[in-house]
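Student: Questions regarding the structure given below will be posed in turn.
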Amino acid sequence: MIDFIVRRLIAIIPVLTVVAILVFLMLRLTPGDPAAVIAGDNATSDQIADIRTKLGLNEPIWTQFVIWIGNMLQGNFGESFFFKKTVAELIAQRIEPTLALAVCTLIFAVSISVPIGVLAAYRQGSLVDRVVMGFSVVGFSVPGFVIGYCLIYVFAIELGWLPVQGYIRIGVNFWGFLERMILPSLTLSVGFIALISRITRASVLEVLNEDYIRTARAKGLSNRVVLMRHALRNAAVPILTVIGLGIAILIGGAVVTESVFGLPGLGRLTVEAVLSRDFPTIQAVILMFSVVYVVVNLLIDISYTLFDPRIRY
Amino acid sequence: MSTEAKRPVLEVRNLSVSLPSGADRVHAVEKVSFTVSPGEIVCLVGESGSGKSVIAFTVMGLLAKALKPTSGEILLEGENILAASETRLRQLRCTRMSMIFQEPMTALNPVMTCGEQIDEVLNTHTKLDAAARKAKIIAILARVKLPEPERIYASYPHQLSGGQRQRIMIAMALVLDPVLLIADEPTTALDVTTQAEILKLIAELQDGQGTGVLFITHDFGVVAEIAHRVAVLRWGELVEMGPTEKILSRPEHSYTKMLISSVPSIHPVHRDVRKDGPTVLRTEKLGKTYSGSGFFQKARVVRAAIDVDLDIRRGETLGIVGESGSGKSTVARCIARLIDPSEGKIFLGDTEIATMKASKLRPHRRRVQIVFQDPYRSMNPRITIGESIIEGPMNFGLKRDEAIVRARKLMETVRLDPNSLDRYPHQFSGGQRQRICIARALAMEPELLIADEAVSALDVSVQKQVLELLDEIRVRLNLAVLFITHDLRVAAQICDYVAVMSKGRVVEYGSAEQVFGSPKDDYTKALFAAAPGRNWEFGKFAAA
């Protein structure tokens with residue numbers, strides 16, 4: 001097990017190297033000059049050139065890369081071109097809303113999608129099944145911002161139950177925080193629910209044909225026990241896998257959702273940083289997202305052992 | 001018999017179960033009636049599709065939704081199960097009637113410990129507290145003769161052997177002393193020595209408690225071993241029923257007679273052993289070691305085959321007999337170079353192929369062909385059988401029309417209609433598919449034909465035909481055949497020579513008559529002693 005974890009952690013290194021090179025090159029090869037953005041509309045070309053020198057953008061690309069990597073290895077994520085803060089400070093400021101959004105979305109998504117997926121499998125071919133499957137097609141194909149604005153229109157504007165936008169820190173006012181988390185996480189959950197309920201259904205359906213399900217029924221157990229205790233736990237591995245892969249959707253979705261609901265999180269920070277060509281911030285955020293993705297999937301792999309005693313690393 | 005005075009535990013009256021429309025017949029089971037008395041073992045015997053399992057599942061109320069009982073009654077101690085509600089059925093399951101299944105490997109939930117799985121039964125059906133339940137489970141685990149009940153209680157199914165898992169199933173089924181036990185082919189998936197132990201255990205337990213047993217099997221050896229009475233089914237109808245001794249020695253119905261006569265005898269037929277043919281295959285100290293090693297872990301080493309010396313001459317059949325894990329399939333696969341041997345030599349004619357490189361090996365691949373166990377899975381379902389047969393020869397340079405001519409001829413050889421070459425595998429029965437697999441192997445004009453459990457998945461009557469066909473082809477084409485089987489009866493009928501394998505080694509090797517007539521090795525002796533129905537001479541009927 002420890003052997004496995006160590007090997008997987010070592011495997012993060014090449015992943016991050018590739019991501020770092022790609023991000024770095026992509027930013028520098030796309031048009032747009034950060035110095036011009038910082039200098040503003042009325043700047044002279046001399047002023048811009050000055051700023052370029054100050055930011056180190058006149059060095060050859062590979063020198064810039066080596067400096068950046070060198071700093072990163074020392075734990076220095078650099079200074080934002082645009083926000084006049086260190087990138088580390090920026091991320092620390094912006095991480096809470098994103099983390100909250102991700103956690104609420106996961107809770108929403110899993111607690112809705114797994115039960116409806118199991119139900120659809122148990123009543124395969126019934127109306128319930130068709131409704132769930134129909135929903136999952138719609139949920140997967142409608143873009144997040146459309147869902148977001150629809151929810152805002154119904155629950156915030158027409159019914160007035162929930163605030164339209166904004167964020168309150170969890171430490172400041174818990175109920176205010178919760179109120180403002182509901183619509184964004186519902187929005188972000190829709191695609192996730194569609195995905196997980198579909199996988200849950202398929203995976204439970206497969207398990208329901210297994211011999212041990214027949215054994216469980218021959219024992220005189222109720223349908224509920226057969227489904228929840230015998231079928232679901234055996235179906236857990238593919239469901240967990242998809243949840244892990246879905247973290248990528250979550251990260252991508254956070255960018256859109258945070259913009260729609262005005263959440264000051266990492267997604268919005270990414271958008272702002274891209275628009276202002278803030279290289280150090282973009283690079284750091286993307287690297288951080290890749291670390292999160294790899295680590296979450298490692299955790300998912302480890303969690304398999306909790307559900308299936310046959311899996312040993 | 002004193003049991004006849006008591007009320008039967010199970011009475012099936014006039015039961016019919018319909019198949020969904022579009023099936024090959026209207027009823028899965030038609031107007032079947034029989035009884036099981038307390039303390040009695042009744043065997044339902046029939047080939048695949050005879051409806052024997054459908055009857056078992058109907059009694060348990062576990063029928064697939066597509067199948068519907070249309071008439072009749074099933075009385076469990078007088079209570080009609082067909083009229084019972086789902087709730088009532090749940091109450092009866094595992095308390096009054098229990099069932100054990102064919103595949104102990106898959107019948108237990110892999111993610112729960114064995115103890116938990118038995119505990120569920122007690123938790124659902126009794127009001128015992130945790131300590132009392134645990135005590136009861138440990139007691140039943142001891143009763144089914146599992147070693148170290150405490151350890152078994154905490155074990156997961158994958159940590160136990162097949163025989164142990166079937167004991168867990170039996171413990172689970174009998175923990176609440178039901179009056180009826182339904183056993184659906186409970187030993188079919190087990191090795192013969194394990195089978196003998198499980199049969200003995202079932203007989204002991206039911207005798208002690210007076211449990212009625214409905215035992216479903218296709219194997220007349222098992223019938224002879226365990227049954228008090230036998231019911232023979234064909235196409236959902238009960239053709240004949242009576243005491244075991246009468247059915248086995250004086251059957252009345254022609255189908256029963258045919259079925260029993262198809263059971264291969266355990267005594268080998270006398271075959272003239274010729275010593276003059278050229279050697280087609282010879283192995284020298286053949287060995288295969290599997291090893292898995294980790295970064296920080298100690299390497300695990302499994303020696304699947306050790307120092308195997310075999311030889312087969314042209315026109316001979318060599319059988320490799322052994323239980324699962326004995327290494328018999330490993331040897332076959334090494335010889336066909338489907339896997340690479342780790343030690344030793346394989347001579348195909350004069351060519352040594354054990355260490356030959358893949359590119360050099362290719363021309364020799366044609367010379368060894370295999371027929372696999374499961375004809376349902378060893379053919380590509382998406383291409384016609386004709387394409388399957390000509391694919392190999394065309395790969396080796398034969399022109400398409402010549403290959404088709406060859407395929408048509410081979411279809412005649414295996415007694416199938418040459419005009420059906422454009423059909424797909426699913427349009428054939430299991431026996432027919434296995435003939436197609438044989439034709440496919442022969443299309444390569446091999447020198448050595450390997451049959452890896454090639455008749456194990458077939459019903460006895462079909463098995464008999466395929467065995468006869470294989471033997472006929474061997475004589476006609478003067479082929480060398482390597483026949484891998486776990487079934488001693490089959491080996492006795494088809495082999496000139498027999499190698500008995502155990503734990504990767506050949507423990508006994510000689511002519512079939514010699515090995516079967518006077519086995520020398522202890523393991524071989526144990527194997528024969530465990531063969532079910534070894535004292536019966538099936539098919540030698542007394543005059544009616």
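In the structure tokens, the first chain shown is A, the next is B, and so on; residue numbers restart at 1 for each chain, and ligands run from 1 in the order shown.
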Tell me the residues of chain A close to chain B, meaning within 6 Å using only C-alpha atoms, as a PDB file with N, CA and C atoms, in the first residue's frame.
Tutor:
```
ATOM      1  N   ASP A 211     -24.591 -13.664  -9.316  1.00  0.00           N
ATOM      2  CA  ASP A 211     -25.125 -14.786  -8.547  1.00  0.00           C
ATOM      3  C   ASP A 211     -25.380 -14.423  -7.084  1.00  0.00           C
ATOM      4  N   TYR A 212     -24.513 -13.581  -6.504  1.00  0.00           N
ATOM      5  CA  TYR A 212     -24.683 -13.321  -5.067  1.00  0.00           C
ATOM      6  C   TYR A 212     -25.915 -12.488  -4.771  1.00  0.00           C
ATOM      7  N   ALA A 218     -32.441 -15.268  -2.055  1.00  0.00           N
ATOM      8  CA  ALA A 218     -32.804 -16.592  -1.544  1.00  0.00           C
ATOM      9  C   ALA A 218     -32.718 -16.659  -0.030  1.00  0.00           C
ATOM     10  N   LYS A 219     -32.016 -15.684   0.571  1.00  0.00           N
ATOM     11  CA  LYS A 219     -31.926 -15.649   2.034  1.00  0.00           C
ATOM     12  C   LYS A 219     -33.182 -15.048   2.631  1.00  0.00           C
ATOM     13  N   GLY A 220     -34.046 -14.475   1.806  1.00  0.00           N
ATOM     14  CA  GLY A 220     -35.244 -13.837   2.326  1.00  0.00           C
ATOM     15  C   GLY A 220     -35.021 -12.398   2.730  1.00  0.00           C
ATOM     16  N   ASP A 308     -13.956  -2.671  -1.552  1.00  0.00           N
ATOM     17  CA  ASP A 308     -13.727  -4.009  -2.075  1.00  0.00           C
ATOM     18  C   ASP A 308     -12.481  -4.616  -1.442  1.00  0.00           C
ATOM     19  N   PRO A 309     -12.668  -5.586  -0.541  1.00  0.00           N
ATOM     20  CA  PRO A 309     -11.521  -6.161   0.161  1.00  0.00           C
ATOM     21  C   PRO A 309     -10.578  -6.914  -0.774  1.00  0.00           C
TER      22      PRO A 309
END
```
Student: Please provide as a short mmCIF file (atom, residue, chain, number, x, y, z; two decimals) with N, CA and C atoms, in the first residue's frame all residues within 6 Å of segment 158-174 of chain A, with the sequence filter that same-chain residues fewer than 3 positions apart are discarded (counting only C-alpha atoms).
Tutor:
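File produced: result_9.cif:
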```cif
data_model
loop_
_atom_site.label_atom_id
_atom_site.label_comp_id
_atom_site.auth_asym_id
_atom_site.auth_seq_id
_atom_site.Cartn_x
_atom_site.Cartn_y
_atom_site.Cartn_z
N ILE A 152 -31.49 31.29 -11.20
CA ILE A 152 -31.55 32.64 -10.63
C ILE A 152 -32.92 33.26 -10.90
N VAL A 154 -35.82 31.81 -11.51
CA VAL A 154 -36.93 31.20 -10.76
C VAL A 154 -36.80 31.46 -9.26
N PHE A 155 -35.67 31.12 -8.67
CA PHE A 155 -35.58 31.11 -7.20
C PHE A 155 -35.20 32.47 -6.60
N PHE A 177 -23.82 32.37 4.20
CA PHE A 177 -22.94 31.57 3.34
C PHE A 177 -23.74 30.47 2.63
N PHE A 261 -22.43 33.65 -10.74
CA PHE A 261 -22.95 33.97 -9.41
C PHE A 261 -22.06 34.97 -8.66
N GLY A 262 -21.09 35.52 -9.33
CA GLY A 262 -20.24 36.52 -8.70
C GLY A 262 -19.51 36.01 -7.46
N LEU A 263 -19.00 34.79 -7.52
CA LEU A 263 -18.24 34.26 -6.38
C LEU A 263 -16.77 34.62 -6.57
#
```
Student: Based on the backbone DSSP call, show me all residues of segment 236-458 of chain B assigned alpha helix (DSSP H), as a PyMOL selection string.
Tutor: chain B and resi 244-249+254-262+328-335+358-365+385-395+400-413+430-442
Student: Would you list the contacts of Arg367 of chain B as a list in words, taking every protein, DNA or RNA residue within 9 Å and counting only C-alpha atoms, but skipping same-chain residues closer than 4 positions in sequence?
Tutor: Leu348, Pro363, Met444, Glu445, Pro446, Glu447, Leu448 and Leu449 of chain B
Student: Those selected residues, please, written with N, CA and C atoms and delivered as an mmCIF file, in the first residue's frame.
Tutor:
```cif
data_model
loop_
_atom_site.group_PDB
_atom_site.id
_atom_site.type_symbol
_atom_site.label_atom_id
_atom_site.label_comp_id
_atom_site.auth_asym_id
_atom_site.auth_seq_id
_atom_site.Cartn_x
_atom_site.Cartn_y
_atom_site.Cartn_z
ATOM 1 N N LEU B 348 8.611 -30.295 -31.551
ATOM 2 C CA LEU B 348 7.488 -30.543 -32.437
ATOM 3 C C LEU B 348 8.111 -31.215 -33.649
ATOM 4 N N PRO B 363 5.604 -20.063 -38.757
ATOM 5 C CA PRO B 363 5.274 -21.181 -39.651
ATOM 6 C C PRO B 363 4.896 -22.459 -38.899
ATOM 7 N N MET B 444 -6.427 -26.093 -40.484
ATOM 8 C CA MET B 444 -5.005 -25.749 -40.555
ATOM 9 C C MET B 444 -4.158 -26.975 -40.867
ATOM 10 N N GLU B 445 -4.797 -28.123 -41.009
ATOM 11 C CA GLU B 445 -4.096 -29.403 -41.229
ATOM 12 C C GLU B 445 -2.979 -29.588 -40.219
ATOM 13 N N PRO B 446 -3.338 -29.594 -38.926
ATOM 14 C CA PRO B 446 -2.307 -29.688 -37.876
ATOM 15 C C PRO B 446 -1.761 -31.103 -37.751
ATOM 16 N N GLU B 447 -0.599 -31.195 -37.105
ATOM 17 C CA GLU B 447 -0.076 -32.516 -36.772
ATOM 18 C C GLU B 447 -0.534 -32.912 -35.378
ATOM 19 N N LEU B 448 -0.754 -31.888 -34.549
ATOM 20 C CA LEU B 448 -1.184 -32.150 -33.172
ATOM 21 C C LEU B 448 -2.442 -31.338 -32.890
ATOM 22 N N LEU B 449 -3.468 -32.041 -32.403
ATOM 23 C CA LEU B 449 -4.706 -31.358 -32.029
ATOM 24 C C LEU B 449 -4.804 -31.382 -30.499
#
```
Student: With distances taken over only C-alpha atoms, which residue among B:Leu233, B:Ala491, B:Ile152, B:Val263 lies nearest Gln164 of chain B?
Tutor: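 The shortest atom-to-atom distance to Gln164 of chain B comes from B:Ile152.
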Student: To one decimal place in Å, what is the distance between atom CA of Val226 of chain A and atom CA of Thr58 of chain B?
Tutor: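 Between these atoms lies a distance of 19.6 Å.
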Student: Do a neighbour search on Arg123 of chain A at 12 Å with only C-alpha atoms, toss out local chain neighbours closer than 4 positions, and write the hits as a list of chain:residue names.
Tutor: A:Ile116, A:Gly117, A:Val118, A:Leu119, A:Leu127, A:Val128, A:Asp129, A:Arg130, A:Val131, A:Val132, A:Met133, A:Arg201, A:Val204, A:Leu205, A:Leu208, A:Asn223, A:Leu227
Student: Using only C-alpha atoms, pick whichever of B:Ala530, B:Val507, B:Leu238, B:Ile81 has the shortest atom-to-atom distance to Glu30 of chain B.
Tutor: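 That would be B:Leu238, the residue with the smallest distance to Glu30 of chain B.
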Student: Taking only C-alpha atoms into account, which of A:Phe140, A:Asp278, A:Thr105, A:Val296 comes nearest Ala36 of chain A?
Tutor: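 Nearest to Ala36 of chain A: A:Asp278.
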Student: Can you work out which one of A:Ile196, A:Ala20, A:Val37, A:Leu188 has the shortest atom-to-atom distance to Trp68 of chain A, counting only C-alpha atoms?
Tutor: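 Smallest distance to Trp68 of chain A is found for A:Ala20.
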Student: Let me make sure I understand: among B:Gln369, B:Ser161, B:Gln465, B:Ser37, which one has the smallest atom-to-atom distance to Ser262 of chain B if we use only C-alpha atoms?
Tutor: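 Of the candidates, the smallest distance to Ser262 of chain B is held by B:Gln465.
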Student: Name the residues of segment 43-90 of chain B that come out as strand (DSSP E) in a backbone DSSP run; write them as a PyMOL selection string.
Tutor: chain B and resi 43-45+68-76+79-80
Student: Can you pull out every residue within 8 Å of Pro238 of chain A, counting only C-alpha atoms, but drop anything in the same chain fewer than 4 positions away, and send it as a ChimeraX atom specification?
Tutor: /A:199-200,203,242
Student: If you keep C-alpha atoms, can you produce a file of those selected residues as a compact mmCIF listing (two decimals), in the first residue's frame?
Tutor:
```
# COMPACT_ATOMS: atom_id res chain seq x y z
CA ILE A 199 -22.89 5.31 -14.28
CA THR A 200 -24.63 4.22 -11.07
CA SER A 203 -23.04 -0.42 -12.73
CA VAL A 242 -16.31 8.54 -12.44
```
